[in-house]
Amino acid sequence: MDNQKIFSGSADRIIREWDINAERLISIFQCCETEQLEYLVFNTAGDIIAWNSRKKIVIWDSRNDKHLKTLQGHSAWVSCITFSPDAQMLASGSGDKTIKVWDIHTGQCVKTLQGHAGWVHSVAFNPSGERLYSVSSDKTIKLWNTQTGEYIKTLQEFTDWVYAVAVNPSETVFATASSDKTIKLWDVNTGECLRTLQGHKHWVRSVSFSTDGKVIASGSQDETIKIWDIETGECLKTLKSDRPYENMNITGVKGLTDAEIATLKGLGAVDNG
């Protein structure tokens, strides 16, 4: 996320580009035909994109629309990916409870980090790329040395599942998104919770700082993206894409099965019956 645009991916296999200030959808790009897109990242230059595809990671040249590499090595579905700040490495977490660090140029796994007791939901490099933050279904945040692969410490333990972690550019604050529908901001050094951001109506699955560290974006299963002011905790913008049958009234329509009605309602249709 920069200060003007944000990209989002979803289970409909479509990447969306948004204008934050105008609160509108700019463009869409269908990146895969058959498999769900659950995690999407760009490198810092914005020309290389990576997404998960079951147990694999696909690396794509977004400017030339060209497949570069497919990374394989996890024994369970890949649940999260992130580029290092210099875009030379990529880290991935998986249902196999491990984190793998990959060389982007060779496609080789150079480190495997082990220590979580559950599915790894999110990983984030610090600004120098020397440390990696990770969150897991074991309800912990762990810190790792990416140069040696060594576990450093557990930063925090939770009572709710944590789905995402992000670190601000100065590495003074990290943010977490969880199943309690909130985003929390934490002091990196003390572990103190500095602020809780509330407004989503469902689990919060992703979180990202702007390049200047002043705002944060969060994505939720309530189908919205929210932009927050770090200092005040105020929600500045809410972004939402219309569903295919948004507000289409199917009340009284004959010939539809219960399953078809449920599907249409999930895609935005309205049934007042």
# chains A, B, ... in the order shown; residues from 1 in each chain; ligands from 1
call {"tool": "residues_around", "arguments": {"residues": "Ser206 (chain A)", "least_positions_apart": "2", "cutoff": "6 Å", "atoms": "only C-alpha atoms", "output": "PDB file with all heavy atoms, in the first residue's frame"}}
result
ATOM      1  N   ALA A 164      -3.098 -11.696  11.031  1.00  0.00           N
ATOM      2  CA  ALA A 164      -2.150 -10.900  10.258  1.00  0.00           C
ATOM      3  C   ALA A 164      -1.275 -10.061  11.175  1.00  0.00           C
ATOM      4  O   ALA A 164      -1.684  -9.677  12.272  1.00  0.00           O
ATOM      5  CB  ALA A 164      -2.898  -9.991   9.282  1.00  0.00           C
ATOM      6  N   SER A 218      -6.791  -2.252   6.621  1.00  0.00           N
ATOM      7  CA  SER A 218      -7.187  -3.575   7.114  1.00  0.00           C
ATOM      8  C   SER A 218      -8.251  -4.161   6.196  1.00  0.00           C
ATOM      9  O   SER A 218      -9.100  -3.449   5.661  1.00  0.00           O
ATOM     10  CB  SER A 218      -7.743  -3.474   8.543  1.00  0.00           C
ATOM     11  OG  SER A 218      -8.865  -2.593   8.589  1.00  0.00           O
ATOM     12  N   GLY A 219      -8.187  -5.470   5.999  1.00  0.00           N
ATOM     13  CA  GLY A 219      -9.171  -6.182   5.189  1.00  0.00           C
ATOM     14  C   GLY A 219      -9.882  -7.213   6.040  1.00  0.00           C
ATOM     15  O   GLY A 219      -9.272  -7.891   6.862  1.00  0.00           O
TER      16      GLY A 219
END
call {"tool": "closest_atom_pairs", "arguments": {"of": "region 167-205 of chain A", "to": "region 138-151 of chain A", "cutoff": "12 Å", "atoms": "only C-alpha atoms", "output": "CSV"}}
result
residue,atom,partner,partner_atom,distance
A:Val167,CA,A:Leu143,CA,11.7
A:Phe174,CA,A:Ile141,CA,10.5
A:Ala175,CA,A:Ile141,CA,10.8
A:Thr176,CA,A:Ile141,CA,9.1
A:Ala177,CA,A:Ile141,CA,11.6
A:Ser178,CA,A:Lys139,CA,9.8
A:Ser179,CA,A:Lys139,CA,10.8
A:Trp186,CA,A:Ile141,CA,11.4
A:Val188,CA,A:Leu143,CA,10.6
A:Gly191,CA,A:Ile141,CA,10.6
call {"tool": "write_last_selection", "arguments": {"atoms": "N, CA, C and O atoms", "output": "PDB file, in the first residue's frame"}}
result
ATOM      1  N   VAL A 167       4.543  -4.442  10.346  1.00  0.00           N
ATOM      2  CA  VAL A 167       5.477  -3.618  11.114  1.00  0.00           C
ATOM      3  C   VAL A 167       5.589  -2.258  10.448  1.00  0.00           C
ATOM      4  O   VAL A 167       5.700  -2.176   9.216  1.00  0.00           O
ATOM      5  N   PHE A 174       4.103  -2.574  15.849  1.00  0.00           N
ATOM      6  CA  PHE A 174       3.580  -3.605  14.959  1.00  0.00           C
ATOM      7  C   PHE A 174       2.075  -3.714  15.178  1.00  0.00           C
ATOM      8  O   PHE A 174       1.551  -3.386  16.242  1.00  0.00           O
ATOM      9  N   ALA A 175       1.383  -4.124  14.133  1.00  0.00           N
ATOM     10  CA  ALA A 175      -0.075  -4.216  14.168  1.00  0.00           C
ATOM     11  C   ALA A 175      -0.503  -5.662  13.981  1.00  0.00           C
ATOM     12  O   ALA A 175       0.146  -6.424  13.257  1.00  0.00           O
ATOM     13  N   THR A 176      -1.587  -6.035  14.639  1.00  0.00           N
ATOM     14  CA  THR A 176      -2.151  -7.370  14.470  1.00  0.00           C
ATOM     15  C   THR A 176      -3.637  -7.268  14.138  1.00  0.00           C
ATOM     16  O   THR A 176      -4.318  -6.331  14.558  1.00  0.00           O
ATOM     17  N   ALA A 177      -4.115  -8.224  13.372  1.00  0.00           N
ATOM     18  CA  ALA A 177      -5.533  -8.311  13.016  1.00  0.00           C
ATOM     19  C   ALA A 177      -6.037  -9.680  13.461  1.00  0.00           C
ATOM     20  O   ALA A 177      -5.357 -10.689  13.265  1.00  0.00           O
ATOM     21  N   SER A 178      -7.227  -9.720  14.059  1.00  0.00           N
ATOM     22  CA  SER A 178      -7.643 -10.983  14.671  1.00  0.00           C
ATOM     23  C   SER A 178      -9.129 -11.281  14.521  1.00  0.00           C
ATOM     24  O   SER A 178      -9.902 -10.501  13.949  1.00  0.00           O
ATOM     25  N   SER A 179      -9.495 -12.440  15.070  1.00  0.00           N
ATOM     26  CA  SER A 179     -10.873 -12.917  14.978  1.00  0.00           C
ATOM     27  C   SER A 179     -11.831 -12.168  15.896  1.00  0.00           C
ATOM     28  O   SER A 179     -13.035 -12.378  15.829  1.00  0.00           O
ATOM     29  N   TRP A 186       0.852  -2.329  18.746  1.00  0.00           N
ATOM     30  CA  TRP A 186       1.682  -2.739  19.870  1.00  0.00           C
ATOM     31  C   TRP A 186       3.031  -2.049  19.823  1.00  0.00           C
ATOM     32  O   TRP A 186       3.582  -1.809  18.747  1.00  0.00           O
ATOM     33  N   VAL A 188       6.811  -2.274  19.910  1.00  0.00           N
ATOM     34  CA  VAL A 188       7.750  -3.355  19.593  1.00  0.00           C
ATOM     35  C   VAL A 188       8.636  -3.700  20.788  1.00  0.00           C
ATOM     36  O   VAL A 188       8.907  -4.876  21.062  1.00  0.00           O
ATOM     37  N   GLY A 191       5.989  -4.435  24.223  1.00  0.00           N
ATOM     38  CA  GLY A 191       4.869  -5.360  24.068  1.00  0.00           C
ATOM     39  C   GLY A 191       3.545  -4.775  24.531  1.00  0.00           C
ATOM     40  O   GLY A 191       2.520  -5.461  24.544  1.00  0.00           O
TER      41      GLY A 191
END
call {"tool": "residues_around", "arguments": {"residues": "Gly95 (chain A)", "least_positions_apart": "4", "cutoff": "9 Å", "atoms": "only C-alpha atoms", "output": "number ranges by chain"}}
result
A: 74-79, 118-121
call {"tool": "residues_around", "arguments": {"residues": "Cys80 (chain A)", "least_positions_apart": "4", "cutoff": "9 Å", "atoms": "only C-alpha atoms", "output": "PDB file with C-alpha atoms, in the first residue's frame"}}
result
ATOM      1  CA  GLU A  38      -6.005 -16.042  -0.755  1.00  0.00           C
ATOM      2  CA  TYR A  39      -2.831 -13.984  -0.409  1.00  0.00           C
ATOM      3  CA  LEU A  40      -1.315 -11.352  -2.671  1.00  0.00           C
ATOM      4  CA  TRP A  51       0.336 -15.114  -4.756  1.00  0.00           C
ATOM      5  CA  ASN A  52      -0.356 -18.480  -3.163  1.00  0.00           C
ATOM      6  CA  ALA A  91       9.006 -15.485   3.146  1.00  0.00           C
ATOM      7  CA  SER A  92       6.014 -17.832   3.285  1.00  0.00           C
ATOM      8  CA  GLY A  93       4.003 -19.451   6.063  1.00  0.00           C
ATOM      9  CA  SER A  94       1.967 -22.621   5.795  1.00  0.00           C
ATOM     10  CA  VAL A 120       1.211 -19.880  10.285  1.00  0.00           C
ATOM     11  CA  HIS A 121      -1.237 -17.144   9.256  1.00  0.00           C
ATOM     12  CA  SER A 122       1.004 -14.150   8.517  1.00  0.00           C
ATOM     13  CA  VAL A 123       4.656 -13.107   8.201  1.00  0.00           C
ATOM     14  CA  ALA A 164      -2.150 -10.900  10.258  1.00  0.00           C
TER      15      ALA A 164
END
call {"tool": "residues_around", "arguments": {"residues": "Val101 (chain A)", "least_positions_apart": "6", "cutoff": "6 Å", "atoms": "only C-alpha atoms", "output": "PyMOL selection string"}}
result
chain A and resi 90-91+109-111
call {"tool": "atom_distance", "arguments": {"atom1": "CA of Asn247 (chain A)", "atom2": "CA of Ala259 (chain A)"}}
result
18.4 Å
call {"tool": "select_by_dssp", "arguments": {"residues": "region 29-213 of chain A", "states": "strand (DSSP E)", "output": "number ranges by chain"}}
result
A: 29-30, 40-42, 48-53, 56-61, 66-72, 78-83, 89-94, 98-103, 109-114, 120-125, 131-136, 140-145, 151-157, 162-167, 173-178, 182-187, 193-198, 204-209
call {"tool": "write_last_selection", "arguments": {"atoms": "C-alpha atoms", "output": "JSON list (two decimals), in the first residue's frame"}}
result
[["chain", "number", "residue", "atom", "x", "y", "z"],
["A", 29, "PHE", "CA", -6.93, -8.15, -13.03],
["A", 30, "GLN", "CA", -7.85, -11.83, -13.01],
["A", 40, "LEU", "CA", -1.32, -11.35, -2.67],
["A", 41, "VAL", "CA", 1.87, -9.23, -2.39],
["A", 42, "PHE", "CA", 3.84, -6.83, -4.58],
["A", 48, "ILE", "CA", 6.70, -8.24, -9.33],
["A", 49, "ILE", "CA", 3.66, -9.87, -7.76],
["A", 50, "ALA", "CA", 3.37, -13.11, -5.80],
["A", 51, "TRP", "CA", 0.34, -15.11, -4.76],
["A", 52, "ASN", "CA", -0.36, -18.48, -3.16],
["A", 53, "SER", "CA", -1.71, -21.44, -5.10],
["A", 56, "LYS", "CA", 2.85, -23.39, -4.20],
["A", 57, "ILE", "CA", 3.79, -19.72, -4.65],
["A", 58, "VAL", "CA", 3.50, -18.09, -8.06],
["A", 59, "ILE", "CA", 5.88, -15.24, -8.98],
["A", 60, "TRP", "CA", 4.62, -12.99, -11.78],
["A", 61, "ASP", "CA", 6.00, -10.02, -13.75],
["A", 66, "LYS", "CA", 4.72, -12.99, -17.56],
["A", 67, "HIS", "CA", 5.13, -15.98, -15.24],
["A", 68, "LEU", "CA", 8.60, -15.98, -13.66],
["A", 69, "LYS", "CA", 8.77, -18.82, -11.14],
["A", 70, "THR", "CA", 6.76, -21.26, -9.07],
["A", 71, "LEU", "CA", 8.13, -21.96, -5.60],
["A", 72, "GLN", "CA", 7.45, -25.38, -4.09],
["A", 78, "VAL", "CA", 0.60, -21.81, 1.79],
["A", 79, "SER", "CA", -1.30, -19.30, 3.92],
["A", 80, "CYS", "CA", 0.85, -16.15, 3.71],
["A", 81, "ILE", "CA", 3.71, -14.59, 1.75],
["A", 82, "THR", "CA", 5.74, -11.38, 1.90],
["A", 83, "PHE", "CA", 8.69, -9.83, 0.06],
["A", 89, "MET", "CA", 13.88, -12.70, -0.72],
["A", 90, "LEU", "CA", 10.36, -13.90, -0.04],
["A", 91, "ALA", "CA", 9.01, -15.49, 3.15],
["A", 92, "SER", "CA", 6.01, -17.83, 3.29],
["A", 93, "GLY", "CA", 4.00, -19.45, 6.06],
["A", 94, "SER", "CA", 1.97, -22.62, 5.80],
["A", 98, "THR", "CA", 6.80, -23.76, 9.13],
["A", 99, "ILE", "CA", 8.06, -20.53, 7.58],
["A", 100, "LYS", "CA", 10.25, -20.74, 4.50],
["A", 101, "VAL", "CA", 12.59, -18.02, 3.22],
["A", 102, "TRP", "CA", 13.15, -18.11, -0.55],
["A", 103, "ASP", "CA", 15.71, -16.62, -2.95],
["A", 109, "CYS", "CA", 14.38, -22.26, -0.22],
["A", 110, "VAL", "CA", 17.34, -20.92, 1.79],
["A", 111, "LYS", "CA", 15.91, -21.19, 5.33],
["A", 112, "THR", "CA", 13.12, -23.14, 7.05],
["A", 113, "LEU", "CA", 11.98, -21.65, 10.39],
["A", 114, "GLN", "CA", 10.35, -24.05, 12.84],
["A", 120, "VAL", "CA", 1.21, -19.88, 10.29],
["A", 121, "HIS", "CA", -1.24, -17.14, 9.26],
["A", 122, "SER", "CA", 1.00, -14.15, 8.52],
["A", 123, "VAL", "CA", 4.66, -13.11, 8.20],
["A", 124, "ALA", "CA", 6.27, -9.65, 7.99],
["A", 125, "PHE", "CA", 9.88, -8.53, 7.55],
["A", 131, "ARG", "CA", 14.14, -10.04, 11.32],
["A", 132, "LEU", "CA", 10.80, -11.62, 10.59],
["A", 133, "TYR", "CA", 7.55, -11.42, 12.57],
["A", 134, "SER", "CA", 5.08, -14.30, 12.38],
["A", 135, "VAL", "CA", 1.63, -15.09, 13.79],
["A", 136, "SER", "CA", 0.00, -18.48, 14.06],
["A", 140, "THR", "CA", 1.48, -16.31, 19.43],
["A", 141, "ILE", "CA", 3.63, -13.72, 17.63],
["A", 142, "LYS", "CA", 7.21, -14.87, 17.18],
["A", 143, "LEU", "CA", 10.34, -13.03, 16.07],
["A", 144, "TRP", "CA", 13.04, -14.67, 13.93],
["A", 145, "ASN", "CA", 16.54, -13.90, 12.64],
["A", 151, "TYR", "CA", 14.11, -18.11, 16.79],
["A", 152, "ILE", "CA", 14.61, -14.92, 18.85],
["A", 153, "LYS", "CA", 11.57, -14.64, 21.14],
["A", 154, "THR", "CA", 7.79, -14.72, 21.51],
["A", 155, "LEU", "CA", 6.50, -11.14, 21.49],
["A", 156, "GLN", "CA", 2.91, -11.70, 22.53],
["A", 157, "GLU", "CA", 0.35, -14.38, 23.34],
["A", 162, "VAL", "CA", -4.48, -13.64, 15.08],
["A", 163, "TYR", "CA", -4.58, -13.63, 11.28],
["A", 164, "ALA", "CA", -2.15, -10.90, 10.26],
["A", 165, "VAL", "CA", 0.86, -8.90, 11.42],
["A", 166, "ALA", "CA", 2.57, -5.80, 9.97],
["A", 167, "VAL", "CA", 5.48, -3.62, 11.11],
["A", 173, "VAL", "CA", 5.02, -0.37, 16.28],
["A", 174, "PHE", "CA", 3.58, -3.61, 14.96],
["A", 175, "ALA", "CA", -0.07, -4.22, 14.17],
["A", 176, "THR", "CA", -2.15, -7.37, 14.47],
["A", 177, "ALA", "CA", -5.53, -8.31, 13.02],
["A", 178, "SER", "CA", -7.64, -10.98, 14.67],
["A", 182, "THR", "CA", -10.20, -5.59, 15.80],
["A", 183, "ILE", "CA", -6.77, -4.30, 14.80],
["A", 184, "LYS", "CA", -4.34, -3.74, 17.66],
["A", 185, "LEU", "CA", -1.21, -1.59, 17.67],
["A", 186, "TRP", "CA", 1.68, -2.74, 19.87],
["A", 187, "ASP", "CA", 4.94, -1.23, 21.09],
["A", 193, "CYS", "CA", -0.98, -2.51, 23.46],
["A", 194, "LEU", "CA", -1.05, 1.15, 22.34],
["A", 195, "ARG", "CA", -4.44, 1.28, 20.62],
["A", 196, "THR", "CA", -7.34, -0.92, 19.50],
["A", 197, "LEU", "CA", -9.07, -0.07, 16.22],
["A", 198, "GLN", "CA", -12.73, -1.14, 16.05],
["A", 204, "VAL", "CA", -10.00, -9.07, 10.22],
["A", 205, "ARG", "CA", -7.72, -11.07, 7.93],
["A", 206, "SER", "CA", -5.07, -8.60, 6.71],
["A", 207, "VAL", "CA", -3.30, -5.42, 7.77],
["A", 208, "SER", "CA", -0.71, -3.14, 6.14],
["A", 209, "PHE", "CA", 1.06, 0.15, 6.96]]
call {"tool": "closest_residue", "arguments": {"among": "A:Arg54, A:Lys201, A:Lys265, A:Lys237", "to": "Ile250 (chain A)", "atoms": "only C-alpha atoms"}}
result
A:Lys265
call {"tool": "atom_distance", "arguments": {"atom1": "CA of Ser220 (chain A)", "atom2": "CA of Lys181 (chain A)"}}
result
8.0 Å
call {"tool": "select_by_dssp", "arguments": {"residues": "region 77-264 of chain A", "states": "alpha helix (DSSP H)", "output": "PyMOL selection string"}}
result
chain A and resi 258-264
call {"tool": "atom_distance", "arguments": {"atom1": "CA of Ile227 (chain A)", "atom2": "CA of Glu130 (chain A)"}}
result
28.0 Å
